[in-house]
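Have a look at upload.pdb below; it lists PDB, C-alpha atoms, pLDDT in the B column.
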ATOM      1  CA  MET A   1       2.810 -16.632   1.714  1.00 95.00           C
ATOM      2  CA  ILE A   2      -0.931 -16.149   2.027  1.00 97.00           C
ATOM      3  CA  PHE A   3      -2.163 -13.244   4.172  1.00 98.00           C
ATOM      4  CA  GLU A   4      -5.814 -13.099   5.196  1.00 97.00           C
ATOM      5  CA  LEU A   5      -7.690 -10.454   7.157  1.00 96.00           C
ATOM      6  CA  ASP A   6     -11.096 -11.649   8.267  1.00 96.00           C
ATOM      7  CA  ASN A   7     -14.148 -10.707  10.337  1.00 93.00           C
ATOM      8  CA  VAL A   8     -13.056  -7.099  10.960  1.00 94.00           C
ATOM      9  CA  GLU A   9     -15.466  -4.979  12.958  1.00 93.00           C
ATOM     10  CA  LEU A  10     -14.476  -1.371  13.725  1.00 94.00           C
ATOM     11  CA  TYR A  11     -16.419   1.261  15.667  1.00 93.00           C
ATOM     12  CA  PHE A  12     -15.739   4.949  16.317  1.00 88.00           C
ATOM     13  CA  LYS A  13     -17.887   6.404  19.122  1.00 85.00           C
ATOM     14  CA  ASN A  14     -20.470   3.622  18.743  1.00 84.00           C
ATOM     15  CA  LYS A  15     -20.678   4.187  14.980  1.00 86.00           C
ATOM     16  CA  ARG A  16     -19.798   1.093  12.994  1.00 88.00           C
ATOM     17  CA  ILE A  17     -17.196   1.896  10.328  1.00 91.00           C
ATOM     18  CA  LEU A  18     -16.208  -1.579   9.126  1.00 94.00           C
ATOM     19  CA  ASN A  19     -18.071  -4.858   9.407  1.00 92.00           C
ATOM     20  CA  GLY A  20     -17.615  -8.341   7.979  1.00 84.00           C
ATOM     21  CA  ILE A  21     -14.390  -7.475   6.170  1.00 93.00           C
ATOM     22  CA  TYR A  22     -12.470 -10.171   4.319  1.00 96.00           C
ATOM     23  CA  LEU A  23      -9.237  -9.567   2.422  1.00 95.00           C
ATOM     24  CA  LYS A  24      -6.722 -11.993   0.958  1.00 97.00           C
ATOM     25  CA  ALA A  25      -3.274 -11.339  -0.499  1.00 98.00           C
ATOM     26  CA  GLU A  26      -0.567 -13.750  -1.572  1.00 97.00           C
ATOM     27  CA  THR A  27       2.985 -13.828  -2.804  1.00 98.00           C
ATOM     28  CA  GLY A  28       3.180 -13.121  -6.518  1.00 97.00           C
ATOM     29  CA  LYS A  29       0.056 -10.958  -6.638  1.00 97.00           C
ATOM     30  CA  VAL A  30      -0.962  -7.344  -6.080  1.00 98.00           C
ATOM     31  CA  THR A  31      -4.235  -7.018  -4.174  1.00 98.00           C
ATOM     32  CA  ALA A  32      -6.029  -3.692  -4.535  1.00 97.00           C
ATOM     33  CA  ILE A  33      -8.513  -1.968  -2.243  1.00 97.00           C
ATOM     34  CA  LEU A  34     -10.741   0.522  -4.033  1.00 96.00           C
ATOM     35  CA  GLY A  35     -13.357   2.755  -2.450  1.00 94.00           C
ATOM     36  CA  ARG A  36     -14.509   6.329  -2.184  1.00 90.00           C
ATOM     37  CA  ASN A  37     -12.720   8.834   0.060  1.00 87.00           C
ATOM     38  CA  GLY A  38     -13.636   8.309   3.688  1.00 86.00           C
ATOM     39  CA  CYS A  39     -14.868   4.744   3.241  1.00 88.00           C
ATOM     40  CA  GLY A  40     -12.207   3.295   5.569  1.00 91.00           C
ATOM     41  CA  LYS A  41      -9.382   2.129   3.283  1.00 94.00           C
ATOM     42  CA  THR A  42      -6.617   3.624   5.449  1.00 94.00           C
ATOM     43  CA  CYS A  43      -8.275   2.296   8.608  1.00 94.00           C
ATOM     44  CA  LEU A  44      -8.305  -1.165   7.051  1.00 95.00           C
ATOM     45  CA  LEU A  45      -4.598  -1.009   6.201  1.00 96.00           C
ATOM     46  CA  ASN A  46      -3.771   0.181   9.715  1.00 95.00           C
ATOM     47  CA  ILE A  47      -5.803  -2.676  11.183  1.00 95.00           C
ATOM     48  CA  ALA A  48      -3.982  -5.175   8.965  1.00 95.00           C
ATOM     49  CA  PHE A  49      -0.598  -3.718   9.934  1.00 95.00           C
ATOM     50  CA  GLY A  50      -1.486  -3.674  13.625  1.00 93.00           C
ATOM     51  CA  ASN A  51      -1.543   0.097  14.219  1.00 91.00           C
ATOM     52  CA  LEU A  52      -5.293   0.196  14.850  1.00 93.00           C
ATOM     53  CA  LYS A  53      -7.152  -2.220  17.077  1.00 92.00           C
ATOM     54  CA  PRO A  54     -10.758  -2.935  16.040  1.00 93.00           C
ATOM     55  CA  LYS A  55     -13.446  -4.584  18.130  1.00 91.00           C
ATOM     56  CA  TYR A  56     -12.967  -7.849  16.242  1.00 93.00           C
ATOM     57  CA  MET A  57     -10.540  -9.184  13.657  1.00 94.00           C
ATOM     58  CA  LEU A  58      -8.654 -12.292  12.644  1.00 94.00           C
ATOM     59  CA  VAL A  59      -5.328 -12.343  10.791  1.00 96.00           C
ATOM     60  CA  ARG A  60      -4.090 -15.574   9.239  1.00 97.00           C
ATOM     61  CA  LEU A  61      -0.690 -16.317   7.697  1.00 97.00           C
ATOM     62  CA  ASP A  62      -0.702 -19.435   5.546  1.00 97.00           C
ATOM     63  CA  GLY A  63      -3.944 -20.460   7.232  1.00 96.00           C
ATOM     64  CA  LYS A  64      -2.658 -20.108  10.796  1.00 97.00           C
ATOM     65  CA  PRO A  65      -4.071 -17.411  13.142  1.00 96.00           C
ATOM     66  CA  LEU A  66      -1.609 -14.653  14.072  1.00 95.00           C
ATOM     67  CA  LEU A  67      -1.993 -13.796  17.754  1.00 90.00           C
ATOM     68  CA  LYS A  68       0.182 -10.674  17.792  1.00 94.00           C
ATOM     69  CA  PRO A  69       0.244  -7.469  15.704  1.00 94.00           C
ATOM     70  CA  LEU A  70       1.609  -8.089  12.218  1.00 96.00           C
ATOM     71  CA  HIS A  71       4.146  -5.257  12.487  1.00 95.00           C
ATOM     72  CA  THR A  72       5.901  -7.114  15.349  1.00 95.00           C
ATOM     73  CA  THR A  73       6.737 -10.074  13.082  1.00 95.00           C
ATOM     74  CA  GLY A  74       9.424  -8.294  11.026  1.00 94.00           C
ATOM     75  CA  ILE A  75       7.961  -9.537   7.733  1.00 97.00           C
ATOM     76  CA  VAL A  76       5.903  -6.486   6.730  1.00 97.00           C
ATOM     77  CA  MET A  77       6.584  -2.996   5.368  1.00 97.00           C
ATOM     78  CA  TYR A  78       3.988  -0.212   5.300  1.00 97.00           C
ATOM     79  CA  LEU A  79       3.851   2.990   3.254  1.00 97.00           C
ATOM     80  CA  PRO A  80       1.496   5.372   5.096  1.00 96.00           C
ATOM     81  CA  GLN A  81      -0.017   8.496   3.558  1.00 93.00           C
ATOM     82  CA  TYR A  82       2.262  10.701   5.657  1.00 93.00           C
ATOM     83  CA  ASN A  83       6.071  10.957   5.390  1.00 94.00           C
ATOM     84  CA  PHE A  84       7.850   8.570   7.742  1.00 95.00           C
ATOM     85  CA  ILE A  85      11.451   9.620   6.992  1.00 96.00           C
ATOM     86  CA  PRO A  86      12.752  12.445   9.247  1.00 96.00           C
ATOM     87  CA  GLY A  87      13.092  15.654   7.243  1.00 96.00           C
ATOM     88  CA  GLU A  88      16.636  16.454   8.379  1.00 97.00           C
ATOM     89  CA  MET A  89      18.002  13.029   7.432  1.00 96.00           C
ATOM     90  CA  LYS A  90      20.335  12.872   4.412  1.00 96.00           C
ATOM     91  CA  LEU A  91      19.295  10.512   1.623  1.00 96.00           C
ATOM     92  CA  SER A  92      22.667   8.762   1.643  1.00 95.00           C
ATOM     93  CA  PHE A  93      22.099   7.843   5.301  1.00 96.00           C
ATOM     94  CA  VAL A  94      18.479   6.816   4.643  1.00 96.00           C
ATOM     95  CA  PHE A  95      19.594   4.285   2.039  1.00 97.00           C
ATOM     96  CA  THR A  96      22.404   2.988   4.255  1.00 96.00           C
ATOM     97  CA  LEU A  97      19.980   2.665   7.165  1.00 94.00           C
ATOM     98  CA  HIS A  98      17.686   0.438   5.114  1.00 94.00           C
ATOM     99  CA  GLY A  99      20.512  -1.560   3.537  1.00 95.00           C
ATOM    100  CA  LEU A 100      19.790  -0.288   0.037  1.00 96.00           C
ATOM    101  CA  ASP A 101      22.201   0.726  -2.718  1.00 96.00           C
ATOM    102  CA  TRP A 102      21.982   4.306  -3.976  1.00 95.00           C
ATOM    103  CA  LYS A 103      23.539   3.485  -7.361  1.00 94.00           C
ATOM    104  CA  THR A 104      20.902   0.831  -8.013  1.00 95.00           C
ATOM    105  CA  PHE A 105      18.173   3.336  -7.161  1.00 95.00           C
ATOM    106  CA  ILE A 106      19.360   6.042  -9.566  1.00 93.00           C
ATOM    107  CA  GLN A 107      19.533   3.538 -12.425  1.00 92.00           C
ATOM    108  CA  GLY A 108      15.742   3.683 -12.413  1.00 88.00           C
ATOM    109  CA  PHE A 109      15.417   7.270 -11.169  1.00 91.00           C
ATOM    110  CA  GLU A 110      18.291   9.138 -12.854  1.00 91.00           C
ATOM    111  CA  ALA A 111      16.955  12.589 -11.967  1.00 92.00           C
ATOM    112  CA  PHE A 112      17.649  11.832  -8.288  1.00 94.00           C
ATOM    113  CA  SER A 113      21.422  11.454  -8.799  1.00 94.00           C
ATOM    114  CA  ILE A 114      21.982  15.051  -7.621  1.00 95.00           C
ATOM    115  CA  TYR A 115      20.255  14.414  -4.286  1.00 95.00           C
ATOM    116  CA  LYS A 116      22.575  11.905  -2.615  1.00 92.00           C
ATOM    117  CA  SER A 117      23.841  14.455  -0.064  1.00 94.00           C
ATOM    118  CA  SER A 118      20.523  16.291   0.206  1.00 96.00           C
ATOM    119  CA  LYS A 119      18.221  16.221   3.191  1.00 97.00           C
ATOM    120  CA  PHE A 120      14.848  14.551   2.801  1.00 97.00           C
ATOM    121  CA  ASN A 121      13.044  17.875   3.306  1.00 96.00           C
ATOM    122  CA  ASP A 122      14.926  19.391   0.344  1.00 96.00           C
ATOM    123  CA  LEU A 123      12.859  17.245  -2.022  1.00 96.00           C
ATOM    124  CA  SER A 124       9.406  18.038  -3.412  1.00 93.00           C
ATOM    125  CA  GLY A 125       6.345  16.165  -2.178  1.00 93.00           C
ATOM    126  CA  GLY A 126       6.369  13.871  -5.196  1.00 93.00           C
ATOM    127  CA  GLU A 127      10.099  13.186  -4.886  1.00 94.00           C
ATOM    128  CA  ARG A 128       9.701  12.306  -1.210  1.00 95.00           C
ATOM    129  CA  ARG A 129       6.885   9.932  -2.137  1.00 95.00           C
ATOM    130  CA  ILE A 130       9.114   8.139  -4.649  1.00 95.00           C
ATOM    131  CA  ILE A 131      11.937   7.715  -2.128  1.00 96.00           C
ATOM    132  CA  GLU A 132       9.625   6.276   0.540  1.00 97.00           C
ATOM    133  CA  THR A 133       7.772   4.004  -1.887  1.00 97.00           C
ATOM    134  CA  TYR A 134      11.069   2.653  -3.221  1.00 97.00           C
ATOM    135  CA  ILE A 135      12.381   1.987   0.284  1.00 97.00           C
ATOM    136  CA  VAL A 136       9.199   0.212   1.388  1.00 97.00           C
ATOM    137  CA  LEU A 137       9.163  -1.975  -1.714  1.00 97.00           C
ATOM    138  CA  LYS A 138      12.884  -2.793  -1.800  1.00 97.00           C
ATOM    139  CA  THR A 139      13.482  -3.420   1.912  1.00 95.00           C
ATOM    140  CA  LYS A 140      13.424  -7.124   2.721  1.00 94.00           C
ATOM    141  CA  SER A 141       9.913  -8.248   3.653  1.00 96.00           C
ATOM    142  CA  GLU A 142       7.209 -10.749   2.734  1.00 98.00           C
ATOM    143  CA  ILE A 143       4.171  -8.456   2.888  1.00 98.00           C
ATOM    144  CA  VAL A 144       3.884  -4.827   1.720  1.00 98.00           C
ATOM    145  CA  PHE A 145       1.067  -2.317   2.305  1.00 98.00           C
ATOM    146  CA  LEU A 146       1.012   0.768   0.057  1.00 97.00           C
ATOM    147  CA  ASP A 147      -1.384   3.595   0.917  1.00 96.00           C
ATOM    148  CA  GLU A 148      -1.603   6.169  -1.910  1.00 94.00           C
ATOM    149  CA  PRO A 149       1.779   5.392  -3.536  1.00 94.00           C
ATOM    150  CA  PHE A 150       0.926   7.378  -6.695  1.00 93.00           C
ATOM    151  CA  SER A 151       0.042  10.566  -4.841  1.00 86.00           C
ATOM    152  CA  HIS A 152       1.763  13.695  -6.280  1.00 86.00           C
ATOM    153  CA  LEU A 153       3.765  11.684  -8.837  1.00 91.00           C
ATOM    154  CA  SER A 154       4.372  12.699 -12.451  1.00 90.00           C
ATOM    155  CA  PRO A 155       3.007  10.316 -15.137  1.00 91.00           C
ATOM    156  CA  LEU A 156       6.536   9.108 -15.938  1.00 88.00           C
ATOM    157  CA  HIS A 157       7.292   8.293 -12.310  1.00 90.00           C
ATOM    158  CA  ILE A 158       3.922   6.572 -11.896  1.00 93.00           C
ATOM    159  CA  GLU A 159       4.860   4.143 -14.666  1.00 93.00           C
ATOM    160  CA  THR A 160       8.273   3.522 -13.076  1.00 91.00           C
ATOM    161  CA  VAL A 161       6.676   2.812  -9.686  1.00 93.00           C
ATOM    162  CA  LYS A 162       4.145   0.464 -11.316  1.00 95.00           C
ATOM    163  CA  GLN A 163       7.023  -1.481 -12.872  1.00 95.00           C
ATOM    164  CA  LEU A 164       8.767  -1.585  -9.494  1.00 95.00           C
ATOM    165  CA  ILE A 165       5.610  -3.036  -7.936  1.00 97.00           C
ATOM    166  CA  GLU A 166       5.408  -5.600 -10.738  1.00 96.00           C
ATOM    167  CA  ASP A 167       9.018  -6.659 -10.104  1.00 96.00           C
ATOM    168  CA  GLU A 168       8.718  -6.846  -6.318  1.00 97.00           C
ATOM    169  CA  LYS A 169       5.469  -8.837  -6.243  1.00 97.00           C
ATOM    170  CA  LYS A 170       7.376 -11.890  -7.437  1.00 96.00           C
ATOM    171  CA  GLU A 171       8.626 -12.423  -3.895  1.00 96.00           C
ATOM    172  CA  LYS A 172       6.060 -10.472  -1.864  1.00 98.00           C
ATOM    173  CA  ALA A 173       2.351 -10.174  -1.181  1.00 98.00           C
ATOM    174  CA  ILE A 174       1.444  -6.556  -1.956  1.00 98.00           C
ATOM    175  CA  ILE A 175      -1.726  -4.749  -0.885  1.00 98.00           C
ATOM    176  CA  ILE A 176      -2.281  -1.357  -2.464  1.00 97.00           C
ATOM    177  CA  SER A 177      -4.848   1.422  -2.147  1.00 94.00           C
ATOM    178  CA  ASP A 178      -5.052   4.676  -4.086  1.00 89.00           C
ATOM    179  CA  HIS A 179      -7.777   7.030  -5.337  1.00 87.00           C
ATOM    180  CA  MET A 180      -6.188   6.925  -8.811  1.00 88.00           C
ATOM    181  CA  TYR A 181      -8.244   3.885  -9.776  1.00 90.00           C
ATOM    182  CA  GLN A 182      -6.936   3.529 -13.339  1.00 92.00           C
ATOM    183  CA  HIS A 183      -3.388   2.937 -12.121  1.00 93.00           C
ATOM    184  CA  ILE A 184      -4.630   0.631  -9.358  1.00 93.00           C
ATOM    185  CA  ILE A 185      -6.563  -1.485 -11.850  1.00 93.00           C
ATOM    186  CA  GLU A 186      -3.550  -1.734 -14.160  1.00 93.00           C
ATOM    187  CA  ALA A 187      -1.170  -2.649 -11.327  1.00 94.00           C
ATOM    188  CA  SER A 188      -3.347  -5.207  -9.517  1.00 96.00           C
ATOM    189  CA  ASP A 189      -4.190  -8.878  -9.925  1.00 97.00           C
ATOM    190  CA  THR A 190      -7.075  -8.951  -7.440  1.00 97.00           C
ATOM    191  CA  ILE A 191      -9.465  -6.116  -6.554  1.00 97.00           C
ATOM    192  CA  TYR A 192     -11.673  -5.602  -3.516  1.00 97.00           C
ATOM    193  CA  LEU A 193     -14.185  -2.775  -3.349  1.00 96.00           C
ATOM    194  CA  LEU A 194     -14.750  -1.295   0.104  1.00 95.00           C
ATOM    195  CA  LYS A 195     -18.321   0.009   0.286  1.00 93.00           C
ATOM    196  CA  ASN A 196     -20.796   0.429   3.125  1.00 92.00           C
ATOM    197  CA  GLY A 197     -18.189  -0.850   5.564  1.00 92.00           C
ATOM    198  CA  THR A 198     -17.595  -4.210   3.912  1.00 94.00           C
ATOM    199  CA  THR A 199     -15.444  -5.640   1.127  1.00 95.00           C
ATOM    200  CA  LYS A 200     -16.695  -7.061  -2.145  1.00 95.00           C
ATOM    201  CA  LYS A 201     -14.313  -9.024  -4.357  1.00 96.00           C
ATOM    202  CA  ILE A 202     -14.490  -7.747  -7.928  1.00 96.00           C
ATOM    203  CA  ASN A 203     -14.546 -10.559 -10.487  1.00 94.00           C
ATOM    204  CA  LYS A 204     -15.361  -8.359 -13.510  1.00 93.00           C
ATOM    205  CA  LEU A 205     -14.341  -4.715 -13.855  1.00 93.00           C
ATOM    206  CA  THR A 206     -17.877  -3.824 -14.904  1.00 92.00           C
ATOM    207  CA  GLU A 207     -18.917  -4.605 -11.317  1.00 93.00           C
ATOM    208  CA  LEU A 208     -17.224  -1.346 -10.321  1.00 93.00           C
ATOM    209  CA  GLU A 209     -19.932   0.373 -12.373  1.00 91.00           C
ATOM    210  CA  ASP A 210     -22.663  -1.919 -11.052  1.00 92.00           C
ATOM    211  CA  TYR A 211     -21.720  -1.010  -7.465  1.00 90.00           C
ATOM    212  CA  LYS A 212     -21.708   2.713  -8.421  1.00 88.00           C
ATOM    213  CA  TYR A 213     -18.014   3.169  -7.632  1.00 92.00           C
ATOM    214  CA  LEU A 214     -17.423   4.237 -11.238  1.00 89.00           C
ATOM    215  CA  SER A 215     -19.783   6.010 -13.577  1.00 87.00           C
ATOM    216  CA  THR A 216     -20.925   4.022 -16.607  1.00 83.00           C
ATOM    217  CA  GLY A 217     -18.405   4.381 -19.437  1.00 77.00           C
ATOM    218  CA  CYS A 218     -15.354   5.138 -17.241  1.00 80.00           C
ATOM    219  CA  LEU A 219     -13.713   1.824 -17.999  1.00 72.00           C
TER     220      LEU A 219
END

Transcribe the structure of this file into structure tokens.
Amino acid sequence: MIFELDNVELYFKNKRILNGIYLKAETGKVTAILGRNGCGKTCLLNIAFGNLKPKYMLVRLDGKPLLKPLHTTGIVMYLPQYNFIPGEMKLSFVFTLHGLDWKTFIQGFEAFSIYKSSKFNDLSGGERRIIETYIVLKTKSEIVFLDEPFSHLSPLHIETVKQLIEDEKKEKAIIISDHMYQHIIEASDTIYLLKNGTTKKINKLTELEDYKYLSTGCL
């Protein structure tokens, strides 16, 4: 599947936030959105998902315009920055609810084996992030949006999540955004830089320095 977001124009109180946005993602690839804090990355993901309605936008699936919010199609999963699993819900029920196997999960995340009967709120912030990222990636879908998936994770868990993304992209189009640019660069196949309200496709990593997103010598 090919997902395209085009001609996005977003205003807040007559101030233009996004303008002339173009973004493309496709099955088998991870598409990254990089940009400084406050540049509009989360807004862009919410627009793509259908949670936020801009002044203008066009969504295309395999070249055909989509005339309804993407989240109503049943083919997309979205990891927001906030926790979406109710705190009092037991993990065993969470996995059953999403049709996922707990034993398969703990093969990759052995330290979580003690939490099967625990409530979601009993976990640390990083542990909650892992659970939600895993669920979003493993639940059946064709498109996945990940907003800050590496937030609060230990280095070991970051590498495990990156491998999970690599495995799942084989059958999904994945769009990812995170301020931890090194991990984003390593995990992605295509990179867009969001700056001054518009997207620029990055063809060479040195362009991230040219556009002043990264300081010279960071790469």

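The environment of A:Leu58 within 12 Å, counting all atoms listed in the file and disregarding residues fewer than 5 places along the same chain, consists of Phe3, Glu4, Leu5, Asp6, Asn7, Val8, Glu9, Gly20, Ile21, Tyr22, Leu23, Lys24, Ile47, Ala48, Gly50, Lys53, Gly63, Lys64, Pro65, Leu66, Leu67, Lys68, Pro69 and Leu70 of chain A.
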
Evaluate the PyMOL selection byres ((chain A and resi 73-84) around 9) on the structure here and hand back the selected residues as a ChimeraX atom specification. /A:42,45-46,49,68-72,85-87,128-129,132-133,136-137,139-149,151

Looking at A:Ile176, A:Cys43, A:Leu34, A:Leu153, which one is nearest to A:Leu205, with distances taken over all atoms listed in the file?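 Closest candidate: A:Leu34.
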
For atom CA of A:Leu194 and atom CA of A:Met1, quote the distance in Å rounded to one decimal.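 Those two atoms sit 23.4 Å apart.
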
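Our summary of the geometry notes that atom CA of A:Gly126 is positioned 11.1 Å from atom CA of A:Pro155.
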
Around stretch 182-191 of chain A, with edges along x, y and z and 5 Å added on all six sides, what centre and edge lengths do you get, in Å to one decimal, as JSON?
{"center_x": -5.3, "center_y": -2.7, "center_z": -10.4, "size_x": 18.3, "size_y": 22.5, "size_z": 17.6}

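Atom CA of A:Thr160 to atom CA of A:Tyr192 spans 23.9 Å [interatomic distance, one decimal].
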
Using all atoms listed in the file, which of the listed residues (A:Ala111, A:Ile2, A:Leu10, A:Asp122) sits closest to A:Asp62?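 When distances to A:Asp62 are compared using all atoms listed in the file, the smallest one comes from A:Ile2.
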
Please write the residues picked by the PyMOL selection byres ((chain A and resi 33) around 9) on this file as a ChimeraX atom specification. /A:23,31-32,34-35,41,175-178,184,190-194,199

Step by step, work through what the PyMOL selection byres ((chain A and resi 94-101) around 10) selects in the shown file, and finish by giving those residues as an MDAnalysis selection string. chainID A and resid 85:86 89:93 102:106 116 119:120 131:132 134:136 138:140

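You can rank A:Ser154, A:Lys15, A:Cys218, A:Tyr181 by their closest distance to A:Asn37 using only C-alpha atoms, and at the top of that list sits A:Tyr181.
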